[in-house]
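Please read the structure below before turning to the comments.
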Amino acid sequence: GRIRTVASCEDCRGIVLSPDGSVLFLADWGNHKIRRVEVATGAVSTVAGSGIRGSADGVGGAAQFYGPVGVAISPDGSVLFVADISNHKIRRVEVATGAVTTLAGSGEEGGADGVGDAADLASPDEVAISSDGSTLSVGSEGGLRQVCVSAPPPPPSFAPIVVPPSTLVADLKKMRGDASLPDGKVTFIVGDDEERYEHVSKCVLCVRSVFFRTMFGIGMKERD
């Protein structure tokens, strides 16, 4: 057909199909563009890229690529992710507007990890996206790299645990000269395993707990 004949794609490398199967997206390496092909009609249009090699972010023809090769699409079909090999970057392209931004890569060839342009990539040429759209796997000369599509959620925040100061010393001082405190010791049997805690001073229990002072005061009896 005529539409297929007049469109020019110079060494198209990457290709991906939209989730609904209606559109093909091509990484046009030689023309430094991202192209769109309507499956039903074969109509070809440029989503982004000026055709002049470069690294500028921008919208549609104001953006530049330098040899785009790999391309992946988000699960909802709204975003393309492009392995921009000679810029050593992963670029993000909004399908609806053609807006291009740099997701990862400083533009310098390297292997440093980091966030956004603090990371270095080495000639990325393949890109695949996880089923939930959260992570890209990027093939490069530096090996397989992982790129988070969005910032990870912040760690959960917890209210600080406030530990009150110990009152042990002050409580023990109350034992001096208090004739109302009971004498003797008790044994506690605790839990289903009947674990024993022996020789616990009644005085210490009473100065540290109103409960025990009350119970011993009314004649609570302990048993072995």
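Chain lettering (A, B, ...) mirrors the order of the structure tokens, residue numbering begins at 1 for each chain separately, and ligand numbering begins at 1 in order of display.
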- Taking the DSSP assignment computed from this structure's backbone, write out as an NGL selection string all residues of stretch 35-218 of chain A that belong to helix (DSSP H, G or I). :A and (60-62 or 85-87 or 116-118 or 168-173 or 202-208 or 210-217)
Restricted to C-alpha atoms, what would the selected residues look like written as a short mmCIF file (atom, residue, chain, number, x, y, z; two decimals), in the first residue's frame?
data_model
loop_
_atom_site.label_atom_id
_atom_site.label_comp_id
_atom_site.auth_asym_id
_atom_site.auth_seq_id
_atom_site.Cartn_x
_atom_site.Cartn_y
_atom_site.Cartn_z
CA GLY A 60 7.99 15.22 20.08
CA GLY A 61 10.42 16.68 17.56
CA ALA A 62 12.14 18.80 20.22
CA ILE A 85 22.63 3.22 23.15
CA SER A 86 25.06 5.99 22.20
CA ASN A 87 23.77 8.35 24.89
CA GLY A 116 18.55 8.91 37.75
CA ASP A 117 21.51 10.77 36.25
CA ALA A 118 23.75 9.68 39.14
CA LEU A 168 14.03 0.80 91.08
CA VAL A 169 16.44 2.82 93.23
CA ALA A 170 13.70 5.15 94.46
CA ASP A 171 11.39 2.22 95.18
CA LEU A 172 14.04 0.35 97.15
CA LYS A 173 14.61 3.42 99.32
CA LYS A 202 7.47 -9.50 99.55
CA CYS A 203 8.96 -6.13 100.45
CA VAL A 204 10.24 -5.54 96.95
CA LEU A 205 6.91 -6.54 95.44
CA CYS A 206 5.01 -4.17 97.70
CA VAL A 207 7.17 -1.10 97.12
CA ARG A 208 7.07 -1.64 93.38
CA VAL A 210 0.28 -1.19 94.74
CA PHE A 211 -1.44 -4.44 93.75
CA PHE A 212 0.83 -6.61 95.87
CA ARG A 213 0.76 -4.17 98.80
CA THR A 214 -3.02 -4.37 98.76
CA MET A 215 -3.19 -8.14 98.38
CA PHE A 216 -0.66 -8.85 101.11
CA GLY A 217 -2.39 -6.26 103.29
#
- Task: Give me every strand (DSSP E) residue in stretch 72-106 of chain A, going by DSSP on the backbone, as a PyMOL selection string.
- Result: chain A and resi 72-73+79-84+89-94+99-104
- Query: Which neighbours of A:Gly133 fall inside 8 Å, counting only C-alpha atoms, when residues of the same chain fewer than 2 positions from it are skipped, and could you give them as a list in words?
  - Reply: Ser74, Pro75, Ile129, Ser130, Ser131, Thr135, Leu136 and Val149 of chain A
Mind running stretch 3-53 of chain A against stretch 99-107 of chain A at 10 Å and telling me each contacting residue's nearest atom pair with the distance in Å (one decimal), counting only C-alpha atoms, chain and number ascending, as a Markdown table?
| residue | atom | partner | partner_atom | distance |
| --- | --- | --- | --- | --- |
| A:Val47 | CA | A:Ala99 | CA | 8.7 |
| A:Ala48 | CA | A:Val100 | CA | 7.2 |
| A:Gly49 | CA | A:Val100 | CA | 8.7 |
- Find the residue from A:Ser78, A:Ser157, A:Ser140, A:Ser134 that sits nearest to A:Ala122; use only C-alpha atoms when measuring. A:Ser140
- For stretch 28-45 of chain A, list every protein, DNA or RNA residue within 7 Å, evaluated using only C-alpha atoms, and leave out those in the same chain fewer than 2 positions away; present the list as a PyMOL selection string. chain A and resi 3-4+7+9-13+22-26+47-53+65-69
Let me see the file: selected residues, C-alpha atoms, as a compact mmCIF listing (two decimals), in the first residue's frame.
# COMPACT_ATOMS: atom_id res chain seq x y z
CA ILE A 3 1.40 4.39 3.27
CA ARG A 4 3.80 1.51 3.76
CA ALA A 7 7.45 5.68 5.24
CA CYS A 9 12.77 3.50 8.72
CA GLU A 10 16.56 3.37 8.62
CA ASP A 11 17.71 0.24 10.44
CA CYS A 12 14.85 -0.15 12.88
CA ARG A 13 16.13 -2.25 15.77
CA SER A 22 -3.36 -1.97 17.68
CA VAL A 23 0.01 -0.20 17.42
CA LEU A 24 3.65 -1.13 16.80
CA PHE A 25 6.38 1.09 18.21
CA LEU A 26 9.80 1.03 16.55
CA VAL A 47 6.26 9.80 18.32
CA ALA A 48 9.49 11.53 19.37
CA GLY A 49 12.88 12.49 18.03
CA SER A 50 14.11 15.34 15.83
CA GLY A 51 16.07 13.07 13.52
CA ILE A 52 19.28 14.82 14.56
CA ARG A 53 21.37 12.81 16.96
CA PHE A 65 18.07 10.41 20.57
CA TYR A 66 21.41 9.00 19.55
CA GLY A 67 20.83 5.55 18.13
CA PRO A 68 17.79 4.19 20.01
CA VAL A 69 17.74 0.40 19.85
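Picture a line from atom CA of A:Ile218 to atom CA of A:Val200; it runs 18.9 Å.
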- Between A:Ser201, A:Val82, A:Gly54, A:Arg176, which has the minimum distance to A:Gly139 (counting only C-alpha atoms)? A:Val82
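Here atom CA of A:His88 is placed at a distance of 5.2 Å from atom CA of A:Leu121.
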- Just how far from atom CA of A:Ala63 is atom CA of A:Ser137, in Å to one decimal? 23.7 Å
